[in-house]
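Working notes for the structure below.
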Amino acid sequence: MSRGAAGANAEETAGERRQLLNVAYRLLGSVAESEDAVQEAYTRWYALPRGRRDEITSPGAWLTTVTGRICLDVLGSARARRERYVGAWLPDPLPDRTEWGLGPSTGLADPADQLVLDESVTMAFLVVLESMTPAERVAFVLHDVFRYPFAEIAAVLGRTPAACKQLAASARRRAGAAQAPVSAAAGRADAVRRVKEAWESKDIAALVDLLDPAAVMTADGGGLVGAALRPIEGGARIAQYMVAIADKAPGLELLERSVNGAAGRVGPRARGRHDRGGVDRNHRRRPPR
């Protein structure tokens with residue numbers, strides 16, 4: 001391969017990072033773990049002998065396959081960790097980009113800036129993905145979200161294209177059964193604002209009126225803060241729990257922020273004297289792997 005061809009190959013490889021991060025985040029639901037998976041894929045790429053790399057006609061496809069396999073391994077080990085984790089397990093939220101604490105002054109490009117915010121990264125969608133088996137999740141995300149053919153997905157999962165198609169169909173049924181109506185952005189923002197006002201005034205009746213009677217609240221403290229260990233069911237019980245939190249956290253302010261591209265509220269934790277500000281890039285601490 002000529003130097004010019006090698007340079008083009010290297011440029012193409014580097015240009016795949018954004019796509020790989022988007023794939024990994026939807027598979028893992030964690031920016032930190034997605035960064036690790038993509039970095040590991042690039043490490044394996046550059047560890048290949050130069051001649052072997054030159055033989056690969058599509059570095060992007062190779063990197064996607066390797067990233068998918070790494071994510072599959074992470075999902076498998078995560079399932080084992082969750083059996084030892086006390087409480088609910090939710091995907092790491094993706095904060096508003098202004099909250100990451102990185103910017104032009106640092107000279108660093110944050111991975112959050114490379115994530116495409118669409119319906120496939122909403123918290124509701126990610127929670128549905130968490131209910132799938134690792135293989136179902138990989139098949140579903142790669143095919144239904146990113147439109148990869150089953151022949152390529154088969155290389156990731158080590159199964160036949162027909163088996164991958166069945167996995168995606170099974171995952172699709174799970175997603176369809178769990179799918180709930182999504183309110184318009186303007187309506188959602190207004191509802192979030194009204195919930196905040198009712199919470200601040202500790203108005204249980206107003207909260208009950210705003211919440212669906214069949215609503216379910218799930219909390220995940222990640223081992224850092226106290227949280228309900230089991231889902232709280234019913235608008236009335238959720239309202240009481242929310243007011244109890246307000247009583248236990250005097251002075252806590254809920255800030256209006258975009259969470260995974262949708263209107264939400266964020267309660268910033270108190271900073272220690274060594275904190276640098278911004279959002280904790282690891283978001284939560286899990287039990288040791």
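Residues are referred to by chain and number: the chain letter is A, B, ... according to the order shown in the structure tokens, the number counts from 1 in that chain, and ligands are numbered separately from 1 in the order shown.
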Might you pull out every residue within 12 Å of range 187-193 of chain A, with only C-alpha atoms counted and same-chain residues fewer than 6 positions away left off, and present them as an MDAnalysis selection string? chainID A and resid 181 199:200 206:207 209:212 254:259 261:266
Could the residues in this selection be saved with N, CA, C and O atoms as a compact mmCIF listing (two decimals), in the first residue's frame?
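The result, stored in selection12.txt:
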# COMPACT_ATOMS: atom_id res chain seq x y z
N PRO A 181 -46.83 5.78 25.40
CA PRO A 181 -47.00 7.01 24.63
C PRO A 181 -46.00 8.07 25.07
O PRO A 181 -45.71 8.22 26.26
N TRP A 199 -43.45 19.89 43.80
CA TRP A 199 -42.47 19.29 44.71
C TRP A 199 -41.89 20.34 45.66
O TRP A 199 -41.76 20.10 46.85
N GLU A 200 -41.57 21.51 45.13
CA GLU A 200 -40.98 22.56 45.95
C GLU A 200 -41.96 23.05 47.01
O GLU A 200 -41.56 23.41 48.12
N ALA A 206 -51.28 18.11 44.45
CA ALA A 206 -50.94 18.56 43.10
C ALA A 206 -50.08 17.52 42.39
O ALA A 206 -50.25 17.27 41.19
N LEU A 207 -49.15 16.89 43.12
CA LEU A 207 -48.31 15.86 42.53
C LEU A 207 -49.15 14.66 42.09
O LEU A 207 -48.96 14.11 41.00
N ASP A 209 -52.21 14.68 41.22
CA ASP A 209 -52.99 15.08 40.05
C ASP A 209 -52.15 15.05 38.78
O ASP A 209 -52.66 14.76 37.69
N LEU A 210 -50.85 15.35 38.91
CA LEU A 210 -49.96 15.39 37.74
C LEU A 210 -49.49 14.01 37.31
O LEU A 210 -49.21 13.78 36.14
N LEU A 211 -49.39 13.10 38.26
CA LEU A 211 -48.84 11.77 37.97
C LEU A 211 -49.91 10.80 37.52
O LEU A 211 -51.05 10.85 37.98
N ASP A 212 -49.53 9.92 36.60
CA ASP A 212 -50.43 8.84 36.18
C ASP A 212 -50.66 7.91 37.37
O ASP A 212 -49.71 7.54 38.06
N LEU A 254 -33.88 21.89 42.22
CA LEU A 254 -33.97 21.13 40.99
C LEU A 254 -33.77 22.06 39.81
O LEU A 254 -34.59 22.96 39.59
N LEU A 255 -32.71 21.87 39.06
CA LEU A 255 -32.37 22.73 37.95
C LEU A 255 -32.95 22.18 36.65
O LEU A 255 -32.98 20.98 36.44
N GLU A 256 -33.39 23.08 35.80
CA GLU A 256 -33.93 22.66 34.50
C GLU A 256 -32.77 22.30 33.58
O GLU A 256 -31.93 23.13 33.27
N ARG A 257 -32.74 21.07 33.13
CA ARG A 257 -31.68 20.59 32.27
C ARG A 257 -32.24 19.62 31.24
O ARG A 257 -33.29 19.02 31.43
N SER A 258 -31.50 19.48 30.16
CA SER A 258 -31.82 18.45 29.18
C SER A 258 -31.17 17.16 29.63
O SER A 258 -29.98 17.12 29.93
N VAL A 259 -31.95 16.09 29.73
CA VAL A 259 -31.44 14.78 30.12
C VAL A 259 -31.70 13.81 28.97
O VAL A 259 -32.85 13.54 28.64
N GLY A 261 -31.48 14.44 25.94
CA GLY A 261 -32.18 15.14 24.88
C GLY A 261 -33.60 15.53 25.19
O GLY A 261 -34.29 16.10 24.34
N ALA A 262 -34.10 15.25 26.39
CA ALA A 262 -35.48 15.59 26.76
C ALA A 262 -35.47 16.47 28.00
O ALA A 262 -34.51 16.50 28.77
N ALA A 263 -36.58 17.21 28.18
CA ALA A 263 -36.68 18.10 29.33
C ALA A 263 -36.64 17.29 30.62
O ALA A 263 -37.27 16.24 30.74
N GLY A 264 -35.87 17.77 31.59
CA GLY A 264 -35.76 17.07 32.86
C GLY A 264 -35.30 18.02 33.95
O GLY A 264 -35.10 19.22 33.73
N ARG A 265 -35.14 17.47 35.13
CA ARG A 265 -34.65 18.23 36.28
C ARG A 265 -33.48 17.50 36.90
O ARG A 265 -33.47 16.27 36.98
N VAL A 266 -32.51 18.28 37.34
CA VAL A 266 -31.29 17.72 37.93
C VAL A 266 -31.07 18.36 39.29
O VAL A 266 -31.13 19.59 39.42
List as CSV every residue of range 54-77 of chain A that is in contact with range 140-154 of chain A, defined as an atom at most 12 Å from one of its atoms (using only C-alpha atoms), together with the nearest atom pair and the distance in Å rounded to one decimal, sorted by chain and then rising number.
residue,atom,partner,partner_atom,distance
A:Gly60,CA,A:Glu152,CA,11.8
A:Ala61,CA,A:Glu152,CA,8.2
A:Trp62,CA,A:Glu152,CA,9.8
A:Leu63,CA,A:Glu152,CA,11.8
A:Thr64,CA,A:Glu152,CA,9.3
A:Thr65,CA,A:Glu152,CA,7.6
A:Val66,CA,A:Ile153,CA,11.0
A:Thr67,CA,A:Leu142,CA,11.4
A:Gly68,CA,A:Ile153,CA,8.6
A:Arg69,CA,A:Ile153,CA,9.9
A:Cys71,CA,A:Val141,CA,11.7
A:Leu72,CA,A:Ile153,CA,11.7
For Ala246 in chain A, which residue out of A:Ala169, A:Ala162, A:Ala215, A:Ile204 is the nearest one, using only C-alpha atoms? A:Ile204
Pull the strand (DSSP E) assignments for range 118-250 of chain A out of DSSP run on the backbone, and list those residues as a list in words.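 Written out, the strand (DSSP E) residues of range 118-250 of chain A are Val216, Met217, Ile232 and Glu233 of chain A.
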Please produce a file of the residues just selected, as a PDB file, in the first residue's frame, where the atoms kept are all heavy atoms.
ATOM      1  N   VAL A 216     -44.820   4.333  37.740  1.00  0.00           N
ATOM      2  CA  VAL A 216     -43.844   3.579  38.536  1.00  0.00           C
ATOM      3  C   VAL A 216     -42.566   4.404  38.617  1.00  0.00           C
ATOM      4  O   VAL A 216     -42.053   4.871  37.601  1.00  0.00           O
ATOM      5  CB  VAL A 216     -43.539   2.206  37.904  1.00  0.00           C
ATOM      6  CG1 VAL A 216     -42.472   1.479  38.720  1.00  0.00           C
ATOM      7  CG2 VAL A 216     -44.797   1.356  37.803  1.00  0.00           C
ATOM      8  N   MET A 217     -42.066   4.596  39.824  1.00  0.00           N
ATOM      9  CA  MET A 217     -40.841   5.366  40.028  1.00  0.00           C
ATOM     10  C   MET A 217     -39.712   4.408  40.408  1.00  0.00           C
ATOM     11  O   MET A 217     -39.843   3.591  41.312  1.00  0.00           O
ATOM     12  CB  MET A 217     -41.035   6.389  41.147  1.00  0.00           C
ATOM     13  CG  MET A 217     -39.790   7.191  41.472  1.00  0.00           C
ATOM     14  SD  MET A 217     -40.108   8.406  42.783  1.00  0.00           S
ATOM     15  CE  MET A 217     -38.500   9.177  42.897  1.00  0.00           C
ATOM     16  N   ILE A 232     -41.344   2.152  43.192  1.00  0.00           N
ATOM     17  CA  ILE A 232     -42.505   2.668  43.916  1.00  0.00           C
ATOM     18  C   ILE A 232     -43.648   2.781  42.922  1.00  0.00           C
ATOM     19  O   ILE A 232     -43.539   3.482  41.910  1.00  0.00           O
ATOM     20  CB  ILE A 232     -42.198   4.039  44.548  1.00  0.00           C
ATOM     21  CG1 ILE A 232     -41.018   3.899  45.518  1.00  0.00           C
ATOM     22  CG2 ILE A 232     -43.417   4.604  45.271  1.00  0.00           C
ATOM     23  CD1 ILE A 232     -40.504   5.225  46.045  1.00  0.00           C
ATOM     24  N   GLU A 233     -44.751   2.115  43.199  1.00  0.00           N
ATOM     25  CA  GLU A 233     -45.855   2.040  42.249  1.00  0.00           C
ATOM     26  C   GLU A 233     -47.032   2.889  42.704  1.00  0.00           C
ATOM     27  O   GLU A 233     -47.391   2.908  43.873  1.00  0.00           O
ATOM     28  CB  GLU A 233     -46.292   0.575  42.076  1.00  0.00           C
ATOM     29  CG  GLU A 233     -45.176  -0.329  41.575  1.00  0.00           C
ATOM     30  CD  GLU A 233     -45.646  -1.763  41.402  1.00  0.00           C
ATOM     31  OE1 GLU A 233     -46.814  -2.053  41.700  1.00  0.00           O
ATOM     32  OE2 GLU A 233     -44.837  -2.597  40.949  1.00  0.00           O
TER      33      GLU A 233
END
Between CA of Val128 in chain A and CA of Asp92 in chain A, what distance in Å does the model show, to one decimal?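 We find that CA of Val128 in chain A and CA of Asp92 in chain A lie 13.6 Å from each other.
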One-decimal distance in Å that lies between CA of Gln19 in chain A and CA of Arg52 in chain A: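 Those two atoms sit 23.0 Å apart.
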Would you work out the distance separating CA of Ile70 in chain A from CA of Leu90 in chain A, expressed in Å to one decimal?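 Interatomic distance here is 20.4 Å.
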